[in-house]
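Peer 1: If you scroll down you'll find the structure; I have some questions about it.
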Amino acid sequence: MTMMKISELPGDEDNGLTCRTYVFQNESHTLGNALKCIIDRYEDVQFCGYTVPHPAEAKMHFRIQTQETPTLDILKRGLTDLQKVCEHTIDLFEKEVKEFSKP
């Protein structure tokens with residue numbers, strides 16, 4: 001598993017812990033949309049969205065705004081939940097391939 005490079009957008013530290021934009025290096029719509037779909041459903045989240053500033057740049061900006069929960073906690077939870085969804089999908093796929101491959 002490769003490590004993701006994530007940083008905060010400069011200047012966001014003035015917004016407090018409940019409103020931040022994270023910059024993901026070498027990521028795009030694939031991660032952005034999947035992560036947004038997961039985090040959007042959390043009760044404390046007021047806003048969640050992402051942008052890819054320019055197709056020539058290999059980065060994605062991911063913004064989270066919450067009532068009280070620090071956005072870094074929400075981001076970590078979202079990435080963990082997304083990983084669980086991916087693992088479950090792979091398990092189901094492999095099970096169905098085995099079932100289909102039976103003579």
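In the structure tokens, chains take letters A, B, ... by order of appearance, with residues numbered from 1 within each chain and ligands from 1 in the order shown.
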Near stretch 86-99 of chain A, within 12 Å and counting only C-alpha atoms, which residues show up once chain neighbours fewer than 3 positions away are dropped, as an MDAnalysis selection string?
Peer 2: chainID A and resid 31 34:35 38 79:83 102:103
Peer 1: Hey, can you spit out that residue selection with N, CA and C atoms as a tab-separated table (two decimals), in the first residue's frame?
Peer 2:
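Produced file part.tsv, reproduced below:
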```tsv
chain	number	residue	atom	x	y	z
A	31	LEU	N	-10.56	9.42	-6.19
A	31	LEU	CA	-10.59	9.45	-4.73
A	31	LEU	C	-11.54	10.53	-4.23
A	34	ALA	N	-15.35	9.51	-4.34
A	34	ALA	CA	-15.65	8.41	-3.42
A	34	ALA	C	-15.59	8.88	-1.97
A	35	LEU	N	-14.56	9.65	-1.64
A	35	LEU	CA	-14.40	10.14	-0.27
A	35	LEU	C	-15.50	11.14	0.08
A	38	ILE	N	-18.74	9.40	1.03
A	38	ILE	CA	-18.72	8.81	2.38
A	38	ILE	C	-18.83	9.90	3.44
A	79	LEU	N	-11.39	8.18	5.30
A	79	LEU	CA	-10.43	7.32	4.60
A	79	LEU	C	-10.49	5.89	5.11
A	80	THR	N	-10.67	5.72	6.41
A	80	THR	CA	-10.80	4.38	6.98
A	80	THR	C	-12.07	3.70	6.48
A	81	ASP	N	-13.19	4.43	6.48
A	81	ASP	CA	-14.45	3.85	5.99
A	81	ASP	C	-14.38	3.52	4.51
A	82	LEU	N	-13.72	4.37	3.72
A	82	LEU	CA	-13.57	4.10	2.29
A	82	LEU	C	-12.73	2.84	2.08
A	83	GLN	N	-11.70	2.68	2.87
A	83	GLN	CA	-10.87	1.47	2.76
A	83	GLN	C	-11.70	0.22	3.07
A	102	LYS	N	-16.86	-22.15	-10.91
A	102	LYS	CA	-17.14	-23.56	-10.60
A	102	LYS	C	-17.67	-24.27	-11.83
A	103	PRO	N	-17.22	-25.52	-12.04
A	103	PRO	CA	-17.71	-26.29	-13.22
A	103	PRO	C	-19.16	-26.67	-13.10
```
Peer 1: Output as a PyMOL selection string all residues of chain A that backbone DSSP marks as strand (DSSP E or B).
Peer 2: chain A and resi 6-8+19-25+45-51+59-66
Peer 1: With N, CA and C atoms retained, could you export that selection as a CSV table (one decimal), in the first residue's frame?
Peer 2:
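New file again_3.csv:
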```
chain,number,residue,atom,x,y,z
A,6,ILE,N,-0.6,14.3,2.0
A,6,ILE,CA,-1.7,15.2,2.2
A,6,ILE,C,-1.1,16.4,3.0
A,7,SER,N,-1.5,17.6,2.7
A,7,SER,CA,-1.2,18.7,3.4
A,7,SER,C,-2.4,19.7,3.5
A,8,GLU,N,-2.3,20.6,4.4
A,8,GLU,CA,-3.4,21.6,4.6
A,8,GLU,C,-3.1,22.8,3.6
A,19,CYS,N,-12.9,23.7,10.0
A,19,CYS,CA,-13.1,24.2,8.6
A,19,CYS,C,-11.7,24.2,7.9
A,20,ARG,N,-11.4,23.2,7.1
A,20,ARG,CA,-10.1,23.0,6.5
A,20,ARG,C,-10.2,22.5,5.1
A,21,THR,N,-9.2,22.9,4.3
A,21,THR,CA,-9.0,22.3,3.0
A,21,THR,C,-7.7,21.5,3.0
A,22,TYR,N,-7.8,20.3,2.6
A,22,TYR,CA,-6.6,19.4,2.5
A,22,TYR,C,-6.2,19.2,1.0
A,23,VAL,N,-4.9,19.2,0.8
A,23,VAL,CA,-4.4,19.1,-0.6
A,23,VAL,C,-3.8,17.7,-0.7
A,24,PHE,N,-4.4,16.9,-1.6
A,24,PHE,CA,-3.9,15.5,-1.8
A,24,PHE,C,-3.0,15.6,-3.1
A,25,GLN,N,-1.8,15.1,-3.0
A,25,GLN,CA,-0.9,15.1,-4.1
A,25,GLN,C,-1.1,13.8,-4.9
A,45,VAL,N,-21.1,16.8,9.7
A,45,VAL,CA,-20.5,17.5,8.5
A,45,VAL,C,-21.5,18.5,7.9
A,46,GLN,N,-21.1,19.8,7.8
A,46,GLN,CA,-21.9,20.8,7.2
A,46,GLN,C,-21.7,20.9,5.7
A,47,PHE,N,-20.4,20.8,5.4
A,47,PHE,CA,-20.0,20.9,4.0
A,47,PHE,C,-18.8,19.9,3.7
A,48,CYS,N,-18.9,19.3,2.5
A,48,CYS,CA,-17.8,18.5,2.1
A,48,CYS,C,-17.7,18.6,0.5
A,49,GLY,N,-16.6,18.9,0.0
A,49,GLY,CA,-16.5,19.0,-1.4
A,49,GLY,C,-15.0,19.0,-1.9
A,50,TYR,N,-14.8,18.8,-3.1
A,50,TYR,CA,-13.4,18.7,-3.6
A,50,TYR,C,-13.3,19.4,-5.0
A,51,THR,N,-12.1,19.8,-5.3
A,51,THR,CA,-11.9,20.3,-6.7
A,51,THR,C,-10.5,19.8,-7.1
A,59,LYS,N,-3.0,17.2,-8.3
A,59,LYS,CA,-3.4,17.4,-6.9
A,59,LYS,C,-4.9,17.7,-6.9
A,60,MET,N,-5.5,17.4,-5.7
A,60,MET,CA,-6.9,17.6,-5.5
A,60,MET,C,-7.1,18.4,-4.1
A,61,HIS,N,-7.9,19.3,-4.1
A,61,HIS,CA,-8.3,20.1,-2.9
A,61,HIS,C,-9.5,19.5,-2.3
A,62,PHE,N,-9.5,19.1,-1.1
A,62,PHE,CA,-10.7,18.5,-0.4
A,62,PHE,C,-11.0,19.3,0.8
A,63,ARG,N,-12.2,19.9,0.8
A,63,ARG,CA,-12.7,20.8,1.9
A,63,ARG,C,-13.7,20.1,2.7
A,64,ILE,N,-13.5,20.3,4.1
A,64,ILE,CA,-14.5,19.8,5.0
A,64,ILE,C,-14.8,20.9,6.0
A,65,GLN,N,-16.1,21.0,6.3
A,65,GLN,CA,-16.6,22.0,7.3
A,65,GLN,C,-17.5,21.2,8.3
A,66,THR,N,-17.3,21.3,9.6
A,66,THR,CA,-18.1,20.6,10.5
A,66,THR,C,-18.7,21.5,11.6
```
Peer 1: Near A:Leu17, counting only C-alpha atoms, which residues have an atom at most 8 Å away, once you skip same-chain residues fewer than 6 positions from it, shown as a list of chain:residue names?
Peer 2: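 Residues meeting the cut-off are A:Thr69, A:Pro70, A:Thr71, A:Leu72.
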Peer 1: Could you tell me how far atom CA of A:Asp44 lies from atom CA of A:Glu68, in Å and to one decimal?
Peer 2: 7.0 Å
Peer 1: Would you return as a VMD selection string the members of chain A that DSSP assigns to alpha helix (DSSP H) on this structure's backbone?
Peer 2: chain A and resid 29 to 39 71 to 101
Peer 1: Interatomic distance between atom CA of A:Glu57 and atom CA of A:His29?
Peer 2: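 Here the two named atoms are 12.5 Å from each other.
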